[in-house]
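Undergrad: Below is one structure. I have some questions about it.
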Amino acid sequence: CALGWACWKTYVGRPETNFTRRMAISQLGNGLSEAKHHEDALIVEEANLSMLQRVGASEHNILDARSNLASTYWSLGQLEGSLGRLKDGLFLKRDVYSGRLRLNGEEHRSTLRAAYNYASSLQSLRGFEEAKALLRKIMPLAPRVLGESHELTLQMRGCYATALYKDPAATEDDLREAVAMFEDADPIARRVLGSSNPVANAIESSLRDARAALAARDVESLRE
């Protein structure tokens with residue numbers, strides 16, 4: 001964070017079109033986010049996006065800036081418990097995904113990452129049907145582009161399984177499918193990513209929760 005401020009102060013006097021100046025403000029925003037100074041990061045990232053639009057930067061760079069801004073809105077929303085901030089982040093993630101789809105096509109790493117970010121936020125805000133519909137579209141693409149055991153491929157499967165078992169309208173078949181998906185992903189994640197990896201840990205924890213949800217449904221069925 002201190003390095004980001006120092007870098008920005010060094011190059012702030014240069015024209016907005018200067019590449020090094022633009023890299024400096026981007027680095028400052030990233031540093032503030034990593035240090036969890038989200039309010040400050042929001043100000044910097046909004047200024048950066050505005051500058052990029054003024055100077056006619058490439059759509060790729062503008063989408064990167066919008067993605068960073070979306071993540072900051074989302075982090076602020078989680079920190080403050082603000083549904084408004086979360087929705088701001090969600091809508092920006094939707095726009096970034098649409099932009100990546102248009103710019104790069106559906107079978108591109110950046111598009112798949114943007115799609116997952118959007119689907120994950122939908123799932124977190126209980127937009128289960130929309131999340132599942134999007135994930136059903138992109139999950140078959142990820143292994144072809146990234147590989148079966150890539151972290152993002154595993155995250156997509158975990159997100160879909162989570163949407164299945166957390167949906168209040170989930171059927172018993174949905175719960176069984178969720179458990180099966182987590183059981184398939186869990187050993188792959190631990191082997192490839194390592195047992196201390198956050199994604200591997202999240203899959204392991206979600207597997208326990210999905211099994212518990214299925215067990216509770218089985219008990220309900222026995223009582224009927």
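For the structure tokens, the naming scheme is as follows: chains receive sequential letters (A, B, ...) according to their order of presentation, residues are indexed from 1 within each chain, and ligands are indexed from 1 in presentation order.
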Sort by chain and increasing residue number a table of all residues of range 50-147 of chain A within 12 Å of range 167-188 of chain A, each with its closest pair of atoms and their distance in Å to one decimal, counting only C-alpha atoms, and write it as JSON lines.

TA:
```
{"residue": "A:Gln123", "atom": "CA", "partner": "A:Asp167", "partner_atom": "CA", "distance": 9.1}
{"residue": "A:Ser124", "atom": "CA", "partner": "A:Asp167", "partner_atom": "CA", "distance": 10.9}
{"residue": "A:Leu125", "atom": "CA", "partner": "A:Asp167", "partner_atom": "CA", "distance": 11.2}
{"residue": "A:Arg126", "atom": "CA", "partner": "A:Asp167", "partner_atom": "CA", "distance": 7.6}
{"residue": "A:Gly127", "atom": "CA", "partner": "A:Asp167", "partner_atom": "CA", "distance": 8.8}
{"residue": "A:Phe128", "atom": "CA", "partner": "A:Asp167", "partner_atom": "CA", "distance": 6.1}
{"residue": "A:Glu129", "atom": "CA", "partner": "A:Asp167", "partner_atom": "CA", "distance": 8.4}
{"residue": "A:Glu130", "atom": "CA", "partner": "A:Asp167", "partner_atom": "CA", "distance": 11.4}
{"residue": "A:Ala131", "atom": "CA", "partner": "A:Asp167", "partner_atom": "CA", "distance": 10.7}
{"residue": "A:Lys132", "atom": "CA", "partner": "A:Asp167", "partner_atom": "CA", "distance": 10.2}
```

Undergrad: Taking the chain letters and numbering used in this document, name the residues of chain A that DSSP puts in helix (DSSP H, G or I), as a PyMOL selection string.

TA: chain A and resi 2-11+19-34+38-54+59-80+83-104+109-124+128-138+141-145+151-166+172-193+198-223

Undergrad: Write out as a PyMOL selection string which residues come within 12 Å of Tyr11 in chain A when counting only C-alpha atoms, dropping same-chain ones fewer than 6 positions away.

TA: chain A and resi 4-5+17-28

Undergrad: Counting only C-alpha atoms, what is within 12 Å of range 46-49 of chain A, bar same-chain residues fewer than 4 positions away, as a ChimeraX atom specification?

TA: /A:8,16-17,21-30,38-42,53-70,72-73

Undergrad: Residues of range 91-155 of chain A that approach range 194-207 of chain A to 9 Å or less, counting only C-alpha atoms: could you list each one with the shortest pair of atoms and its distance in Å to one decimal, rows by chain and increasing residue number, as a tab-separated table?

TA:
```
residue	atom	partner	partner_atom	distance
A:Glu151	CA	A:Val199	CA	7.5
A:Leu154	CA	A:Val199	CA	8.2
A:Gln155	CA	A:Val199	CA	7.0
```

Undergrad: Pick from A:His108, A:Asn117, A:Gly147, A:Leu3: nearest to Cys159 in chain A, with only C-alpha atoms counted?

TA: A:Asn117

Undergrad: Find the spatial neighbours of Ile138 in chain A, counting only C-alpha atoms, within a cut-off of 9 Å - ignore same-chain residues fewer than 5 positions away - and output them as a list of chain:residue names.

TA: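 The filter keeps A:Glu106, A:Glu107, A:Leu112, A:Ala115, A:Tyr116, A:Met156.
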
Undergrad: Between CA of Pro15 in chain A and CA of Leu52 in chain A, what is the distance, to one decimal in Å?

TA: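 Between these atoms lies a distance of 12.2 Å.
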
Undergrad: Rounded to one decimal place, report the CA of Leu214 in chain A-CA of Leu86 in chain A distance in Å.

TA: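 Here the two named atoms are 29.7 Å from each other.
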
Undergrad: Please indicate the distance in Å from CA of Arg113 in chain A to CA of Val145 in chain A, rounded to one decimal place.

TA: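 According to the coordinates, CA of Arg113 in chain A and CA of Val145 in chain A are separated by 11.4 Å.
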